[in-house]
$ cat target-v7.csv   # CSV, C-alpha atoms
chain,number,residue,atom,x,y,z
M,66,MET,CA,74.3,79.3,67.1
M,67,LEU,CA,72.9,82.4,68.8
M,68,MET,CA,72.7,82.3,72.5
M,69,LYS,CA,69.6,83.5,74.3
M,70,PHE,CA,70.1,85.9,77.1
M,71,GLU,CA,67.8,86.7,79.9
M,72,THR,CA,67.1,90.4,79.9
M,73,ALA,CA,66.3,92.0,83.2
M,74,SER,CA,62.9,93.5,82.9
M,75,SER,CA,63.2,95.5,79.6
M,76,GLY,CA,66.9,96.5,79.9
M,77,HIS,CA,67.0,99.0,82.6
M,78,SER,CA,64.8,100.3,85.4
M,79,GLU,CA,64.8,104.0,86.0
M,80,ILE,CA,67.3,105.2,88.6
M,81,ALA,CA,66.2,108.1,90.8
M,82,VAL,CA,68.4,111.2,91.0
M,83,PRO,CA,69.0,112.0,94.7
M,84,GLU,CA,68.2,115.4,96.3
M,85,SER,CA,71.1,117.5,97.6
M,86,GLY,CA,72.3,116.1,101.0
M,87,ALA,CA,70.4,112.8,100.5
M,88,PRO,CA,71.9,109.7,102.3
M,89,PHE,CA,74.4,107.5,100.4
M,90,ASN,CA,73.0,104.8,98.2
M,91,PRO,CA,74.4,101.3,98.5
M,92,VAL,CA,76.9,101.7,95.7
M,93,GLU,CA,78.3,105.0,97.2
M,94,ASP,CA,78.4,103.3,100.6
M,95,VAL,CA,80.6,100.5,99.4
M,96,ILE,CA,82.9,103.0,97.7
M,97,TYR,CA,83.3,105.1,100.8
M,98,ARG,CA,83.6,102.2,103.2
M,99,ARG,CA,86.1,100.1,101.3
M,100,ARG,CA,89.3,99.8,103.1
M,101,SER,CA,92.3,97.7,102.0
M,102,VAL,CA,92.2,94.5,104.0
M,103,ARG,CA,95.4,93.1,105.4
M,104,LEU,CA,94.1,90.5,107.9
M,105,TYR,CA,92.4,87.5,106.4
M,106,LYS,CA,90.7,84.3,107.6
M,107,LYS,CA,92.1,81.1,106.3
M,108,LYS,CA,88.7,80.0,104.9
M,109,GLN,CA,88.9,79.6,101.1
M,110,VAL,CA,86.7,81.8,98.9
M,111,PRO,CA,84.2,79.5,96.9
M,112,GLU,CA,84.6,79.4,93.1
M,113,TYR,CA,81.2,81.0,92.4
M,114,LEU,CA,82.2,84.2,94.3
M,115,VAL,CA,85.5,84.6,92.6
M,116,ARG,CA,83.8,84.1,89.2
M,117,ARG,CA,81.2,86.7,90.2
M,118,VAL,CA,84.0,89.2,91.1
M,119,ILE,CA,85.8,88.6,87.8
M,120,GLU,CA,82.5,89.0,86.0
M,121,ALA,CA,82.3,92.6,87.3
M,122,GLY,CA,85.8,93.2,85.8
M,123,ARG,CA,84.7,91.8,82.5
M,124,PHE,CA,82.1,94.6,82.1
M,125,ALA,CA,84.5,97.5,82.7
M,126,PRO,CA,84.8,100.2,80.2
M,127,SER,CA,88.1,100.1,78.1
M,128,THR,CA,89.6,102.1,75.3
M,129,GLY,CA,88.0,101.2,72.0
M,130,ASN,CA,86.4,98.2,73.8
M,131,SER,CA,89.8,96.5,73.6
M,132,GLN,CA,89.4,94.7,76.9
M,133,PRO,CA,93.2,94.3,77.3
M,134,TRP,CA,93.2,92.1,80.4
M,135,LYS,CA,93.7,88.5,81.3
M,136,PHE,CA,93.2,87.1,84.8
M,137,ILE,CA,95.1,84.3,86.6
M,138,VAL,CA,93.3,83.0,89.7
M,139,ILE,CA,95.6,81.2,92.2
M,140,GLN,CA,94.0,79.3,95.0
M,141,ASP,CA,96.9,76.9,95.5
M,142,GLN,CA,98.3,77.8,98.9
M,143,LYS,CA,101.7,76.2,98.1
M,144,MET,CA,102.0,78.3,95.0
M,145,ILE,CA,101.1,81.5,96.8
M,146,LYS,CA,103.8,80.7,99.4
M,147,ASP,CA,106.4,80.0,96.7
M,148,MET,CA,105.6,83.3,95.0
M,149,THR,CA,105.8,85.1,98.4
M,150,ASP,CA,109.2,83.6,99.0
M,151,HIS,CA,110.4,84.7,95.6
M,152,ILE,CA,109.2,88.3,96.2
M,153,VAL,CA,110.8,88.4,99.7
M,154,LYS,CA,114.1,87.2,98.2
M,155,SER,CA,114.0,89.8,95.4
M,156,CYS,CA,113.2,92.5,98.0
M,157,GLN,CA,116.2,91.4,100.1
M,158,SER,CA,118.6,91.7,97.2
M,159,LEU,CA,117.1,95.1,96.2
M,160,VAL,CA,117.2,96.5,99.7
M,161,LYS,CA,120.9,95.9,99.9
M,162,MET,CA,121.4,98.6,97.3
M,163,THR,CA,118.6,101.0,98.3
M,164,ASP,CA,117.9,100.9,102.0
M,165,TYR,CA,119.4,104.2,103.1
M,166,PHE,CA,116.2,104.9,104.9
M,167,SER,CA,116.8,102.7,107.9
M,168,LYS,CA,120.6,102.9,107.8
M,169,PRO,CA,121.3,106.7,108.0
M,170,GLY,CA,124.9,107.7,107.3
M,171,THR,CA,125.3,105.4,104.4
M,172,GLY,CA,125.5,108.1,101.7
M,173,TRP,CA,126.4,105.9,98.8
M,174,ARG,CA,123.0,104.1,98.9
M,175,GLU,CA,121.3,107.5,98.8
M,176,ARG,CA,123.3,108.4,95.7
M,177,ILE,CA,122.4,105.2,94.0
M,178,VAL,CA,118.7,105.8,94.6
M,179,ASN,CA,118.8,109.4,93.5
M,180,PHE,CA,120.5,108.3,90.3
M,181,ALA,CA,117.8,105.6,89.7
M,182,ARG,CA,115.1,108.2,90.3
M,183,LEU,CA,116.2,110.0,87.1
M,184,PHE,CA,114.8,107.1,85.2
M,185,TRP,CA,112.2,105.4,87.4
M,186,GLN,CA,110.9,108.2,89.6
M,187,ASN,CA,107.7,106.4,90.5
M,188,GLU,CA,109.3,103.1,91.4
M,189,PHE,CA,111.8,104.7,93.7
M,190,HIS,CA,109.3,106.9,95.6
M,191,PRO,CA,110.1,106.7,99.3
M,192,ASN,CA,106.9,104.9,100.0
M,193,PRO,CA,107.5,101.7,98.1
M,194,LEU,CA,111.1,101.8,99.2
M,195,GLY,CA,110.0,101.6,102.8
M,196,ALA,CA,107.6,98.7,101.9
M,197,PHE,CA,110.5,96.8,100.2
M,198,THR,CA,112.5,97.2,103.5
M,199,GLN,CA,109.5,95.9,105.6
M,200,ILE,CA,109.0,92.9,103.3
M,201,ALA,CA,112.7,92.1,103.3
M,202,GLU,CA,112.7,92.2,107.1
M,203,GLY,CA,109.6,90.0,107.2
M,204,LYS,CA,107.5,92.6,109.0
M,205,LEU,CA,105.1,93.0,106.1
M,206,GLY,CA,103.4,90.1,104.3
M,207,VAL,CA,103.0,90.2,100.5
M,208,TRP,CA,99.5,88.9,100.2
M,209,HIS,CA,98.8,89.0,103.9
M,210,GLY,CA,97.7,85.4,104.1
M,211,ALA,CA,94.8,85.8,101.6
M,212,PRO,CA,93.5,82.5,100.4
M,213,THR,CA,92.9,83.7,96.8
M,214,VAL,CA,95.1,85.8,94.6
M,215,ILE,CA,94.0,87.2,91.2
M,216,ILE,CA,96.9,88.3,89.0
M,217,ILE,CA,95.9,90.8,86.3
M,218,LEU,CA,97.9,90.8,83.0
M,219,ILE,CA,97.7,93.4,80.4
M,220,ASP,CA,97.8,92.9,76.6
M,221,GLN,CA,100.6,95.2,75.6
M,222,ARG,CA,99.3,95.6,72.0
M,223,ALA,CA,96.1,97.3,73.2
M,224,PRO,CA,95.3,100.8,72.1
M,225,SER,CA,96.2,103.9,74.1
M,226,LYS,CA,96.7,103.2,77.8
M,227,PRO,CA,96.0,99.5,78.7
M,228,LEU,CA,97.3,100.0,82.3
M,229,ILE,CA,94.4,102.4,83.0
M,230,ASP,CA,91.8,100.1,81.4
M,231,VAL,CA,93.1,97.3,83.6
M,232,GLY,CA,92.9,99.6,86.6
M,233,VAL,CA,89.3,100.4,85.9
M,234,ALA,CA,88.5,96.7,85.6
M,235,GLY,CA,90.3,95.9,88.8
M,236,GLN,CA,88.4,98.6,90.7
M,237,ASN,CA,85.1,97.2,89.5
M,238,MET,CA,86.2,93.8,90.8
M,239,VAL,CA,87.3,95.1,94.1
M,240,LEU,CA,84.1,97.1,94.8
M,241,SER,CA,81.9,94.2,93.8
M,242,ALA,CA,83.9,91.9,96.2
M,243,HIS,CA,83.5,94.3,99.1
M,244,SER,CA,79.7,94.5,98.3
M,245,MET,CA,79.6,90.8,98.9
M,246,GLY,CA,81.4,90.8,102.2
M,247,LEU,CA,84.8,89.9,100.9
M,248,GLY,CA,88.0,91.8,101.6
M,249,THR,CA,90.6,92.8,99.0
M,250,CYS,CA,93.9,94.5,98.7
M,251,TRP,CA,95.9,95.6,95.7
M,252,VAL,CA,99.4,94.2,95.7
M,253,GLY,CA,101.8,95.6,93.1
M,254,PHE,CA,104.9,93.6,94.3
M,255,VAL,CA,103.8,90.8,92.0
M,256,GLU,CA,105.7,92.6,89.3
M,257,PHE,CA,108.9,91.0,90.6
M,258,LEU,CA,107.5,87.7,89.2
M,259,SER,CA,107.5,89.0,85.6
M,260,ARG,CA,111.3,89.7,85.9
M,261,SER,CA,112.0,86.0,86.7
M,262,TYR,CA,112.3,83.5,83.8
M,263,LYS,CA,111.3,80.7,86.1
M,264,TRP,CA,108.0,82.3,87.1
M,265,ARG,CA,107.1,83.5,83.6
M,266,LYS,CA,107.5,79.9,82.5
M,267,ARG,CA,105.5,78.5,85.5
M,268,LEU,CA,102.6,80.9,85.1
M,269,ASN,CA,102.9,80.6,81.3
M,270,ILE,CA,103.1,84.4,80.6
M,271,LYS,CA,104.1,85.0,77.0
M,272,SER,CA,104.9,87.9,74.8
M,273,PRO,CA,101.8,90.2,74.4
M,274,TYR,CA,101.0,89.7,78.1
M,275,ARG,CA,102.7,91.4,81.0
M,276,ILE,CA,101.9,91.3,84.7
M,277,ALA,CA,100.3,94.6,85.7
M,278,ASN,CA,99.0,94.1,89.3
M,279,SER,CA,97.4,91.6,91.6
M,280,ILE,CA,94.5,91.5,94.0
M,281,ALA,CA,94.3,89.5,97.2
M,282,ILE,CA,90.8,88.3,98.0
M,283,GLY,CA,89.6,86.6,101.2
M,284,TYR,CA,87.2,86.8,104.1
M,285,PRO,CA,88.4,89.7,106.4
M,286,LYS,CA,89.1,89.2,110.1
M,287,GLY,CA,87.1,91.7,112.1
M,288,THR,CA,85.2,94.4,110.3
M,289,PRO,CA,87.8,96.5,108.5
M,290,ASP,CA,85.3,98.4,106.2
M,291,GLY,CA,84.4,101.8,107.6
M,292,TYR,CA,84.6,105.5,107.1
M,293,VAL,CA,87.9,107.3,107.7
M,294,LYS,CA,89.1,110.8,107.1
M,295,ARG,CA,90.9,111.5,103.8
M,296,GLU,CA,92.5,114.7,102.8
M,297,THR,CA,90.6,116.8,100.3
M,298,LYS,CA,92.2,117.9,97.1
M,299,ALA,CA,91.8,121.3,95.4
M,300,ILE,CA,89.4,121.3,92.4
M,301,ASP,CA,89.7,123.9,89.8
M,302,TRP,CA,86.2,124.9,88.9
M,303,TYR,CA,85.0,127.0,85.9
M,304,ASP,CA,81.4,127.7,86.4
M,305,GLU,CA,78.6,128.6,84.0
M,306,ASN,CA,79.3,132.4,84.2
M,307,GLY,CA,83.0,131.9,83.4
M,308,GLN,CA,84.0,132.4,87.0
M,309,PHE,CA,87.0,130.6,88.3
M,310,SER,CA,87.2,129.3,91.8
M,311,ILE,CA,89.0,126.6,93.8
M,312,LYS,CA,86.9,124.2,95.8
M,313,TYR,CA,87.8,121.6,98.3
C,222,MET,CA,96.0,129.5,93.2
C,223,PRO,CA,97.1,125.9,92.4
C,224,GLU,CA,100.4,124.9,93.7
C,225,TYR,CA,103.3,123.8,91.5
C,226,LEU,CA,106.8,122.7,92.2
C,227,THR,CA,109.5,125.2,91.6
C,228,ARG,CA,112.4,124.3,89.4
C,229,LYS,CA,114.7,124.0,92.4
C,230,GLN,CA,112.2,121.6,94.1
C,231,LYS,CA,111.9,119.5,91.0
C,232,LYS,CA,115.6,118.9,90.9
C,233,LYS,CA,116.1,118.4,94.6
C,234,TYR,CA,115.4,115.1,96.3
C,235,GLU,CA,114.8,114.8,100.0
C,236,SER,CA,117.5,113.3,102.1
C,237,TYR,CA,116.3,111.1,104.9
C,238,LEU,CA,119.4,111.6,106.9
C,239,ASN,CA,117.4,114.1,108.9
C,240,ILE,CA,114.1,112.2,109.0
C,241,ASP,CA,112.0,114.5,111.1
C,242,GLU,CA,112.6,117.6,109.0
C,243,ASP,CA,112.7,116.1,105.5
C,244,MET,CA,109.7,113.8,105.8
C,245,VAL,CA,106.6,114.3,107.9
C,246,MET,CA,104.9,110.9,108.4
C,247,GLY,CA,101.5,110.2,109.8
C,248,VAL,CA,100.6,110.1,113.4
C,249,VAL,CA,97.8,108.1,115.0
C,250,SER,CA,96.7,108.4,118.6
C,251,PHE,CA,95.1,105.7,120.8
C,252,ASP,CA,92.4,106.1,123.3
C,253,TYR,CA,93.8,103.6,125.9
C,254,GLU,CA,90.7,103.6,128.0
C,255,LYS,CA,88.7,102.2,125.1
C,256,CYS,CA,91.4,99.8,123.9
C,257,LYS,CA,91.1,96.2,124.8
C,258,GLY,CA,94.4,95.0,123.3
C,259,CYS,CA,93.0,92.8,120.4
C,260,ARG,CA,96.1,93.4,118.3
C,261,PHE,CA,94.1,93.9,115.1
C,262,CYS,CA,95.7,97.2,114.3
C,263,VAL,CA,99.2,95.9,114.9
C,264,GLU,CA,98.7,93.0,112.5
C,265,ALA,CA,96.9,94.9,109.8
C,266,CYS,CA,99.3,97.9,109.7
C,267,VAL,CA,100.7,98.1,106.2
C,268,SER,CA,103.9,99.9,107.1
C,269,ALA,CA,104.6,97.8,110.2
C,270,GLY,CA,104.4,101.0,112.2
C,271,LEU,CA,102.7,99.8,115.3
C,272,GLU,CA,103.9,97.5,118.1
C,273,MET,CA,102.6,96.2,121.4
C,274,ALA,CA,103.9,97.5,124.7
C,275,ASP,CA,102.3,96.4,127.9
C,276,LYS,CA,99.4,94.7,126.0
C,277,LYS,CA,98.5,98.1,124.4
C,278,PRO,CA,99.5,99.2,120.9
C,279,ARG,CA,101.7,102.2,120.2
C,280,MET,CA,103.6,103.7,117.3
C,281,ILE,CA,107.1,102.4,116.8
C,282,LEU,CA,109.7,104.7,118.2
C,283,ASP,CA,112.9,104.3,116.1
C,284,ARG,CA,111.7,105.8,112.8
C,285,PRO,CA,108.5,107.2,111.4
C,286,VAL,CA,106.7,105.0,108.9
C,287,CYS,CA,103.0,105.7,109.1
C,288,ILE,CA,101.3,106.5,105.8
C,289,ALA,CA,98.0,107.6,107.4
C,290,CYS,CA,95.9,105.1,105.4
C,291,GLY,CA,93.4,104.9,108.2
C,292,ASP,CA,93.1,101.1,108.1
C,293,CYS,CA,93.8,100.7,111.8
C,294,SER,CA,91.1,103.3,112.7
C,295,ALA,CA,88.5,101.7,110.5
C,296,LEU,CA,89.4,98.2,111.7
C,297,CYS,CA,89.4,99.0,115.5
C,298,PRO,CA,86.3,97.4,117.0
C,299,GLU,CA,86.3,99.9,119.9
C,300,ASN,CA,86.8,103.1,117.7
C,301,ALA,CA,89.9,103.9,119.8
C,302,ILE,CA,92.2,105.1,117.0
C,303,THR,CA,92.2,108.5,115.3
C,304,ILE,CA,94.5,109.9,112.7
C,305,GLU,CA,96.2,113.0,114.0
C,306,ARG,CA,98.5,113.9,111.2
C,307,PHE,CA,98.8,113.0,107.5
C,308,GLN,CA,102.1,112.3,105.7
C,309,GLN,CA,104.0,114.9,103.7
C,310,PHE,CA,107.3,114.6,101.8
C,311,ASN,CA,109.6,117.3,100.7
C,312,PHE,CA,110.8,118.8,97.5
C,313,LYS,CA,110.3,116.3,94.6
C,314,TYR,CA,107.7,114.2,96.2
C,315,ARG,CA,105.7,116.9,98.0
C,316,PHE,CA,101.9,116.5,98.0
C,317,LEU,CA,100.3,119.4,96.2
C,318,ASP,CA,96.9,121.1,96.4
C,319,ARG,CA,95.8,119.5,99.6
C,320,GLY,CA,93.0,120.7,101.8
C,321,GLU,CA,91.8,119.7,105.2
C,322,PRO,CA,91.1,116.1,105.8
C,323,ALA,CA,87.4,115.2,106.0
C,324,MET,CA,85.1,112.3,106.3
C,325,PRO,CA,83.0,111.3,103.2
C,326,ARG,CA,80.7,114.3,102.6
C,327,ARG,CA,77.2,114.5,101.2
C,328,PHE,CA,76.7,117.4,99.0
$ encode --input "target-v7.csv" --output "structure tokens"
Amino acid sequence: MLMKFETASSGHSEIAVPESGAPFNPVEDVIYRRRSVRLYKKKQVPEYLVRRVIEAGRFAPSTGNSQPWKFIVIQDQKMIKDMTDHIVKSCQSLVKMTDYFSKPGTGWRERIVNFARLFWQNEFHPNPLGAFTQIAEGKLGVWHGAPTVIIILIDQRAPSKPLIDVGVAGQNMVLSAHSMGLGTCWVGFVEFLSRSYKWRKRLNIKSPYRIANSIAIGYPKGTPDGYVKRETKAIDWYDENGQFSIKY
Amino acid sequence: MPEYLTRKQKKKYESYLNIDEDMVMGVVSFDYEKCKGCRFCVEACVSAGLEMADKKPRMILDRPVCIACGDCSALCPENAITIERFQQFNFKYRFLDRGEPAMPRRF
């Protein structure tokens, strides 16, 4: 049976092209003001808002329209606490080998990390290593007390680069959440769960699926969204006349 | 011209035994006249780089951890925090092709 869809006034209304120097439109404003939120209220996010956020992810572009994602929504506070405990424990055991950062003079840890960087240079970047230490010491929360966690899985059989497709979908979700007054934060440490048999079984994650990332969603404490300074990056620019220049 | 890593830099990893020279981390500054001590910045800091001293926040002293994300300055209700310096690593993990930091620009 065919379903009937409501169409919004003949498909699309015309979108005006702004003049140079015109003020930001609401979409741009949400993009520029979005800050990662790490301080949440305890109030639970209602189901319709979470569904609305995921709906934005469902309409993300993907390679060959493969849509290689699956979402797990967790609003069970005990489960979030159990997952946090598991991640903290994993960090503690990892940090024993890698934390040369806060214990200077222990050269063998540094040698281990430098060897590991030959194979996993992104995972052993100094930034995440510092975060592992903070989590192990209990200074940094994993989901920062957010009442809702969305875990994003990728379908590993998908064409080309499913991780990028999932990232695009996640960014759609995050921006739509911020446009509705929610706060979000990307949390990649959830990947520790996919290395544990117990958690793979409990979350029922099976072969073509793999945990990619997670998003914490909740009502922010205070007003974290706002403009900040970010560094500019060089842009190589080949203009119409064939001139090359670098712009910032 | 665009920056690239030299072959030596690609091979060499930074050693954090000498933290201040090998890794330049971010610095934020506080305007203590505006600050009311609400603790939001300390609780929200991702790298746990802030602490309270005499009911006012400050950067922790023992090791540099700030990644200059700007969350504290955006969250501050009194606009008392500014980012003074951005992070930079050495050798293998050096940031390339950076310009001056800027607020969102309208072209």
$ interface_residues --input "target-v7.csv" --of "chain M" --to "chain C" --cutoff "9 Å" --atoms "all atoms listed in the file" --output "PyMOL selection string"
chain M and resi 85-89+97-98+100-104+165-172+175+179+190-192+195-196+199+204-206+209+286-301+310-311+313
$ atom_distance --input "target-v7.csv" --atom1 "atom CA of M:Leu258" --atom2 "atom CA of M:Ile270"
10.2 Å
$ atom_distance --input "target-v7.csv" --atom1 "atom CA of C:Gln308" --atom2 "atom CA of C:Ser250"
14.5 Å
$ atom_distance --input "target-v7.csv" --atom1 "atom CA of M:His151" --atom2 "atom CA of C:Val263"
25.0 Å
$ closest_residue --input "target-v7.csv" --among "C:Met273, C:Arg279, C:Arg260, C:Met246" --to "C:Arg306" --atoms "all atoms listed in the file"
C:Met246
$ residues_around --input "target-v7.csv" --residues "M:Ala121" --least-positions-apart "4" --cutoff "8 Å" --atoms "all atoms listed in the file" --output "ChimeraX atom specification"
/M:117,125,234,237-238,241
$ residues_around --input "target-v7.csv" --residues "M:Leu114" --least-positions-apart "6" --cutoff "12 Å" --atoms "all atoms listed in the file" --output "PDB file with C-alpha atoms, in the coordinates of the input"
ATOM      1  CA  GLU M 120      82.500  89.000  86.000  1.00  0.00           C
ATOM      2  CA  ALA M 121      82.300  92.600  87.300  1.00  0.00           C
ATOM      3  CA  THR M 213      92.900  83.700  96.800  1.00  0.00           C
ATOM      4  CA  MET M 238      86.200  93.800  90.800  1.00  0.00           C
ATOM      5  CA  SER M 241      81.900  94.200  93.800  1.00  0.00           C
ATOM      6  CA  ALA M 242      83.900  91.900  96.200  1.00  0.00           C
ATOM      7  CA  HIS M 243      83.500  94.300  99.100  1.00  0.00           C
ATOM      8  CA  SER M 244      79.700  94.500  98.300  1.00  0.00           C
ATOM      9  CA  MET M 245      79.600  90.800  98.900  1.00  0.00           C
ATOM     10  CA  GLY M 246      81.400  90.800 102.200  1.00  0.00           C
ATOM     11  CA  LEU M 247      84.800  89.900 100.900  1.00  0.00           C
ATOM     12  CA  ILE M 282      90.800  88.300  98.000  1.00  0.00           C
ATOM     13  CA  GLY M 283      89.600  86.600 101.200  1.00  0.00           C
ATOM     14  CA  TYR M 284      87.200  86.800 104.100  1.00  0.00           C
TER      15      TYR M 284
END
$ residues_around --input "target-v7.csv" --residues "M:Arg275" --least-positions-apart "2" --cutoff "7 Å" --atoms "all atoms listed in the file" --output "list in words"
Leu218, Ile219, Asp220, Gln221, Pro273 and Ala277 of chain M
$ write_last_selection --input "target-v7.csv" --atoms "C-alpha atoms" --output "PDB file, in the frame of the given file"
ATOM      1  CA  LEU M 218      97.900  90.800  83.000  1.00  0.00           C
ATOM      2  CA  ILE M 219      97.700  93.400  80.400  1.00  0.00           C
ATOM      3  CA  ASP M 220      97.800  92.900  76.600  1.00  0.00           C
ATOM      4  CA  GLN M 221     100.600  95.200  75.600  1.00  0.00           C
ATOM      5  CA  PRO M 273     101.800  90.200  74.400  1.00  0.00           C
ATOM      6  CA  ALA M 277     100.300  94.600  85.700  1.00  0.00           C
TER       7      ALA M 277
END
